[in-house]
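Q: Just one file: entry22.txt, with compact mmCIF, C-alpha atoms.
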```txt
# COMPACT_ATOMS: atom_id res chain seq x y z
CA GLU F 1 14.50 39.17 -58.12
CA ALA F 2 16.84 40.11 -55.30
CA GLN F 3 14.89 40.39 -52.11
CA VAL F 4 14.57 39.89 -48.40
CA THR F 5 11.41 38.10 -47.34
CA GLN F 6 9.81 37.85 -43.92
CA ASN F 7 7.03 35.67 -42.60
CA PRO F 8 4.53 36.20 -41.27
CA ARG F 9 3.75 39.77 -42.23
CA TYR F 10 1.22 40.16 -39.44
CA LEU F 11 0.99 38.23 -36.19
CA ILE F 12 -1.14 38.47 -33.08
CA THR F 13 -0.15 36.35 -30.13
CA VAL F 14 -0.52 36.17 -26.38
CA THR F 15 2.01 36.77 -23.67
CA GLY F 16 4.36 33.84 -23.17
CA LYS F 17 3.60 31.91 -26.33
CA LYS F 18 6.84 31.28 -28.19
CA LEU F 19 7.00 32.54 -31.75
CA THR F 20 9.46 32.69 -34.62
CA VAL F 21 9.62 35.25 -37.40
CA THR F 22 11.48 33.96 -40.41
CA CYS F 23 13.76 35.98 -42.66
CA SER F 24 15.32 34.84 -45.89
CA GLN F 25 17.47 36.54 -48.51
CA ASN F 26 18.39 35.32 -51.97
CA MET F 27 21.42 37.53 -52.55
CA ASN F 28 24.04 35.33 -50.87
CA HIS F 29 24.75 38.10 -48.38
CA GLU F 30 26.89 37.23 -45.40
CA TYR F 31 25.59 39.94 -43.07
CA MET F 32 22.02 40.00 -41.83
CA SER F 33 20.29 41.88 -39.04
CA TRP F 34 17.00 42.46 -37.25
CA TYR F 35 15.51 45.80 -36.29
CA ARG F 36 12.40 46.88 -34.48
CA GLN F 37 10.61 50.09 -35.30
CA ASP F 38 8.54 51.93 -32.73
CA PRO F 39 6.76 55.28 -33.06
CA GLY F 40 9.03 58.15 -32.18
CA LEU F 41 12.06 55.88 -31.76
CA GLY F 42 12.99 55.07 -35.34
CA LEU F 43 14.69 51.75 -36.02
CA ARG F 44 16.78 50.01 -33.39
CA GLN F 45 18.95 47.01 -34.04
CA ILE F 46 18.11 43.83 -32.14
CA TYR F 47 20.69 41.30 -33.34
CA TYR F 48 22.99 40.91 -36.27
CA SER F 49 24.96 38.12 -37.90
CA MET F 50 28.23 38.52 -39.74
CA ASN F 51 28.06 35.02 -41.20
CA VAL F 52 26.82 31.50 -40.57
CA GLU F 53 27.02 30.61 -36.87
CA VAL F 54 28.22 34.14 -36.01
CA THR F 55 25.67 36.33 -34.24
CA ASP F 56 25.91 39.28 -31.89
CA LYS F 57 23.70 41.62 -29.91
CA GLY F 58 22.56 44.95 -31.22
CA ASP F 59 21.14 47.80 -29.20
CA VAL F 60 17.98 46.13 -27.87
CA PRO F 61 18.54 42.35 -27.68
CA GLU F 62 16.64 41.61 -24.46
CA GLY F 63 13.84 39.10 -24.94
CA TYR F 64 15.02 37.94 -28.36
CA LYS F 65 17.11 35.13 -29.77
CA VAL F 66 18.43 34.49 -33.24
CA SER F 67 20.14 31.69 -35.09
CA ARG F 68 22.12 31.52 -38.30
CA LYS F 69 22.50 27.93 -39.39
CA GLU F 70 22.61 28.73 -43.08
CA LYS F 71 23.53 31.84 -44.99
CA ARG F 72 20.14 32.67 -46.45
CA ASN F 73 18.04 32.41 -43.26
CA PHE F 74 18.09 34.43 -40.07
CA PRO F 75 15.05 33.73 -37.89
CA LEU F 76 14.08 35.91 -34.93
CA ILE F 77 12.81 34.00 -31.91
CA LEU F 78 10.74 35.35 -29.06
CA GLU F 79 10.81 32.64 -26.40
CA SER F 80 8.26 34.33 -24.12
CA PRO F 81 6.76 37.36 -25.83
CA SER F 82 5.58 40.28 -23.73
CA PRO F 83 3.38 43.24 -24.65
CA ASN F 84 6.39 45.57 -24.82
CA GLN F 85 7.56 43.53 -27.79
CA THR F 86 4.59 44.70 -29.79
CA SER F 87 6.31 46.41 -32.67
CA LEU F 88 7.13 46.41 -36.36
CA TYR F 89 10.11 44.20 -37.13
CA PHE F 90 12.43 44.44 -40.10
CA CYS F 91 15.01 42.00 -41.30
CA ALA F 92 17.86 43.29 -43.45
CA SER F 93 20.86 41.93 -45.32
CA ARG F 94 23.93 43.80 -46.44
CA GLY F 95 25.18 44.03 -49.98
CA GLN F 96 26.46 46.33 -52.69
CA ALA F 97 24.23 49.17 -53.88
CA LEU F 98 24.87 52.57 -55.42
CA GLY F 99 28.64 52.10 -55.25
CA GLY F 100 28.93 50.97 -51.67
CA GLU F 101 27.74 48.61 -49.00
CA THR F 102 24.21 49.13 -47.79
CA GLN F 103 21.40 47.23 -46.24
CA TYR F 104 18.37 45.81 -48.01
CA PHE F 105 15.25 45.62 -45.89
CA GLY F 106 12.44 43.12 -45.85
CA PRO F 107 8.78 44.23 -45.94
CA GLY F 108 8.34 44.08 -42.19
CA THR F 109 6.42 41.95 -39.70
CA ARG F 110 3.85 43.66 -37.53
CA LEU F 111 3.58 41.88 -34.18
CA LEU F 112 0.94 42.42 -31.52
CA VAL F 113 1.41 40.72 -28.17
CA LEU F 114 -1.70 40.67 -26.01
CA ALA Y 1 26.82 59.07 -28.03
CA GLN Y 2 26.55 58.86 -31.76
CA SER Y 3 23.20 59.99 -33.05
CA VAL Y 4 21.26 60.99 -36.10
CA THR Y 5 18.76 63.77 -35.58
CA GLN Y 6 15.76 64.58 -37.67
CA PRO Y 7 14.34 67.73 -36.10
CA ASP Y 8 10.97 67.60 -37.83
CA ILE Y 9 8.58 64.87 -36.75
CA HIS Y 10 5.89 65.78 -39.27
CA ILE Y 11 5.88 68.05 -42.32
CA THR Y 12 3.01 68.93 -44.63
CA VAL Y 13 3.74 70.19 -48.11
CA SER Y 14 1.41 71.15 -50.91
CA GLU Y 15 1.57 69.06 -54.03
CA GLY Y 16 3.97 70.67 -56.48
CA ALA Y 17 5.82 72.60 -53.80
CA SER Y 18 9.43 72.02 -52.92
CA LEU Y 19 10.52 69.88 -50.00
CA GLU Y 20 13.45 69.84 -47.64
CA LEU Y 21 13.82 67.30 -44.84
CA ARG Y 22 16.52 67.98 -42.31
CA CYS Y 23 19.06 65.55 -40.94
CA ASN Y 24 22.04 66.10 -38.66
CA TYR Y 25 24.65 63.48 -37.87
CA SER Y 26 27.10 63.47 -35.02
CA TYR Y 27 29.83 60.99 -35.83
CA GLY Y 28 32.77 60.79 -38.17
CA ALA Y 29 34.88 63.13 -40.23
CA THR Y 30 33.84 61.23 -43.35
CA PRO Y 31 30.42 59.85 -42.60
CA TYR Y 32 28.49 57.32 -44.62
CA LEU Y 33 24.98 58.71 -44.82
CA PHE Y 34 21.71 57.40 -46.20
CA TRP Y 35 18.13 58.38 -46.73
CA TYR Y 36 15.44 55.71 -46.70
CA VAL Y 37 11.73 56.04 -47.41
CA GLN Y 38 8.99 53.93 -45.91
CA SER Y 39 5.60 54.07 -47.58
CA PRO Y 40 2.58 53.04 -45.50
CA GLY Y 41 2.63 49.32 -44.87
CA GLN Y 42 5.88 48.88 -46.72
CA GLY Y 43 9.49 48.19 -45.86
CA LEU Y 44 12.35 50.65 -46.19
CA GLN Y 45 13.62 51.64 -49.60
CA LEU Y 46 16.99 53.27 -50.12
CA LEU Y 47 16.63 56.69 -51.74
CA LEU Y 48 20.24 57.77 -51.89
CA LYS Y 49 23.56 57.60 -50.12
CA TYR Y 50 26.68 59.65 -49.56
CA PHE Y 51 30.02 57.93 -49.11
CA SER Y 52 32.48 60.48 -50.50
CA GLY Y 53 33.05 62.81 -53.42
CA ASP Y 54 30.45 65.21 -54.74
CA THR Y 55 28.51 66.62 -51.82
CA LEU Y 56 25.28 66.86 -53.83
CA VAL Y 57 23.98 63.37 -54.46
CA GLN Y 58 21.12 62.32 -56.65
CA GLY Y 59 18.78 59.53 -55.74
CA ILE Y 60 15.74 57.77 -57.02
CA LYS Y 61 12.29 59.32 -57.46
CA GLY Y 62 13.73 62.78 -58.11
CA PHE Y 63 15.27 63.22 -54.67
CA GLU Y 64 18.64 64.73 -53.93
CA ALA Y 65 20.59 65.43 -50.77
CA GLU Y 66 23.43 67.74 -49.93
CA PHE Y 67 26.19 66.87 -47.48
CA LYS Y 68 27.49 69.86 -45.55
CA ARG Y 69 30.36 69.02 -43.25
CA SER Y 70 30.41 72.44 -41.61
CA GLN Y 71 26.82 71.98 -40.49
CA SER Y 72 26.97 68.20 -39.92
CA SER Y 73 23.92 67.99 -42.11
CA PHE Y 74 22.59 65.81 -44.89
CA ASN Y 75 19.29 67.35 -45.90
CA LEU Y 76 16.98 65.70 -48.39
CA ARG Y 77 15.33 67.80 -51.07
CA LYS Y 78 12.87 67.49 -53.90
CA PRO Y 79 11.92 70.41 -56.15
CA SER Y 80 8.30 69.37 -56.72
CA VAL Y 81 6.48 66.98 -54.43
CA HIS Y 82 3.92 64.49 -55.70
CA TRP Y 83 1.09 63.02 -53.65
CA SER Y 84 2.81 59.63 -53.89
CA ASP Y 85 5.75 61.01 -51.91
CA ALA Y 86 3.68 60.94 -48.74
CA ALA Y 87 5.62 58.55 -46.51
CA GLU Y 88 8.00 58.40 -43.60
CA TYR Y 89 11.59 59.32 -44.29
CA PHE Y 90 14.58 58.11 -42.31
CA CYS Y 91 18.08 59.44 -42.29
CA ALA Y 92 20.79 56.99 -41.25
CA GLU Y 93 24.51 56.89 -40.67
CA ASP Y 94 26.77 53.86 -41.00
CA LEU Y 95 29.16 54.16 -38.07
CA ASN Y 96 31.73 51.62 -39.26
CA GLN Y 97 31.40 52.32 -42.98
CA ALA Y 98 30.85 48.65 -43.62
CA GLY Y 99 27.08 48.49 -43.69
CA THR Y 100 26.85 46.78 -40.32
CA ALA Y 101 26.32 49.62 -37.84
CA LEU Y 102 23.46 51.72 -39.11
CA ILE Y 103 21.87 54.15 -36.71
CA PHE Y 104 18.66 55.78 -37.72
CA GLY Y 105 16.99 59.05 -36.99
CA LYS Y 106 13.50 58.88 -35.57
CA GLY Y 107 11.95 59.70 -38.90
CA THR Y 108 9.99 62.52 -40.50
CA THR Y 109 6.47 61.89 -41.70
CA LEU Y 110 5.64 63.74 -44.88
CA SER Y 111 2.06 64.57 -45.72
CA VAL Y 112 1.16 66.02 -49.10
CA SER Y 113 -1.87 68.26 -49.40
CA SER Y 114 -3.72 68.91 -52.65
```
Please re-express this file's structure in structure tokens.
A:
Amino acid sequence: EAQVTQNPRYLITVTGKKLTVTCSQNMNHEYMSWYRQDPGLGLRQIYYSMNVEVTDKGDVPEGYKVSRKEKRNFPLILESPSPNQTSLYFCASRGQALGGETQYFGPGTRLLVL
Amino acid sequence: AQSVTQPDIHITVSEGASLELRCNYSYGATPYLFWYVQSPGQGLQLLLKYFSGDTLVQGIKGFEAEFKRSQSSFNLRKPSVHWSDAAEYFCAEDLNQAGTALIFGKGTTLSVSS
């Protein structure tokens, strides 16, 4: 089954404790991205990757890092999480659907930073 | 700045009644437009898309949307709402028509009353 997976699905941590949210896709997509979703703000792009070893900032990259060492994985790293990073995070990869390019979304990771 | 606007934050519809969710885009003479649905605790699922051609597009779950260039709108409709349609709905536009620059509206939450 074609899918984007994220782990963990739920995470509670404390300020300053480094964490990584993993994202993996099995569709051999080149493009992957991370979004955060906050009430009243919709989805905002954090980082994206056009291919292996090619990453770039989205709209809200501050406080985040990413890496793309292999095509299927695109982890999101919070080196020193802060409470304002409490959010719902979605990973996505781009591929063909309904006659055009579109993005497939993972199930989301809900993060609480205390 | 480019934006996607969903004027209604929350809509309540009776089960069996018709539904229309509004969306206005601001960029592009030939926009790439999408509607996604997010059920509680779930990721985003693509309902339908408009890239070109027929301005009335059909999607999954009985949804359709109509692209109106003169009004810069891409409203989502369903003739008869089911309780399972209760969810948050996001309109999005792909700014570079390559699936890599999605901007989302802030979402409309749909409640269905019995």
Q: Here is a test: counting all atoms listed in the file, which residue of Y:Leu76, Y:Val4, Y:Leu21, Y:Val13 is nearest to Leu48 of chain Y?
A: Y:Leu76
Q: I need the chain F residues near chain Y as a short mmCIF file (atom, residue, chain, number, x, y, z; two decimals) with C-alpha atoms, keeping the file's coordinate frame; criterion: at most 8 Å, counting all atoms listed in the file.
A:
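Okay, iface-v3.cif is ready:
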```
data_model
loop_
_atom_site.label_atom_id
_atom_site.label_comp_id
_atom_site.auth_asym_id
_atom_site.auth_seq_id
_atom_site.Cartn_x
_atom_site.Cartn_y
_atom_site.Cartn_z
CA TYR F 31 25.59 39.94 -43.07
CA GLY F 40 9.03 58.15 -32.18
CA LEU F 41 12.06 55.88 -31.76
CA GLY F 42 12.99 55.07 -35.34
CA LEU F 43 14.69 51.75 -36.02
CA ARG F 44 16.78 50.01 -33.39
CA PHE F 90 12.43 44.44 -40.10
CA ARG F 94 23.93 43.80 -46.44
CA GLY F 95 25.18 44.03 -49.98
CA LEU F 98 24.87 52.57 -55.42
CA GLY F 100 28.93 50.97 -51.67
CA GLU F 101 27.74 48.61 -49.00
CA THR F 102 24.21 49.13 -47.79
CA GLN F 103 21.40 47.23 -46.24
CA TYR F 104 18.37 45.81 -48.01
CA PHE F 105 15.25 45.62 -45.89
CA GLY F 106 12.44 43.12 -45.85
CA PRO F 107 8.78 44.23 -45.94
CA GLY F 108 8.34 44.08 -42.19
#
```
Q: Interatomic distance between atom CA of Asp54 of chain Y and atom CA of Pro7 of chain Y?
A: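 The value is 24.8 Å.
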Q: Just to confirm, what's the straight-line distance from atom CA of Gln25 of chain F to atom CA of Gln45 of chain F in Å (one decimal)?
A: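 Distance between the two atoms: 17.9 Å.
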Q: Mind checking which residues fall within 12 Å of segment 67-70 of chain Y, counting all atoms listed in the file, ignoring those fewer than 5 positions away in the same chain, and posting them as a ChimeraX atom specification?
A: /Y:22-35,48-58,75-77
Q: Suppose you want the space between atom CA of Lys69 of chain F and atom CA of Leu19 of chain F; what is it in Å?
A: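 These two atoms are separated by 17.9 Å.
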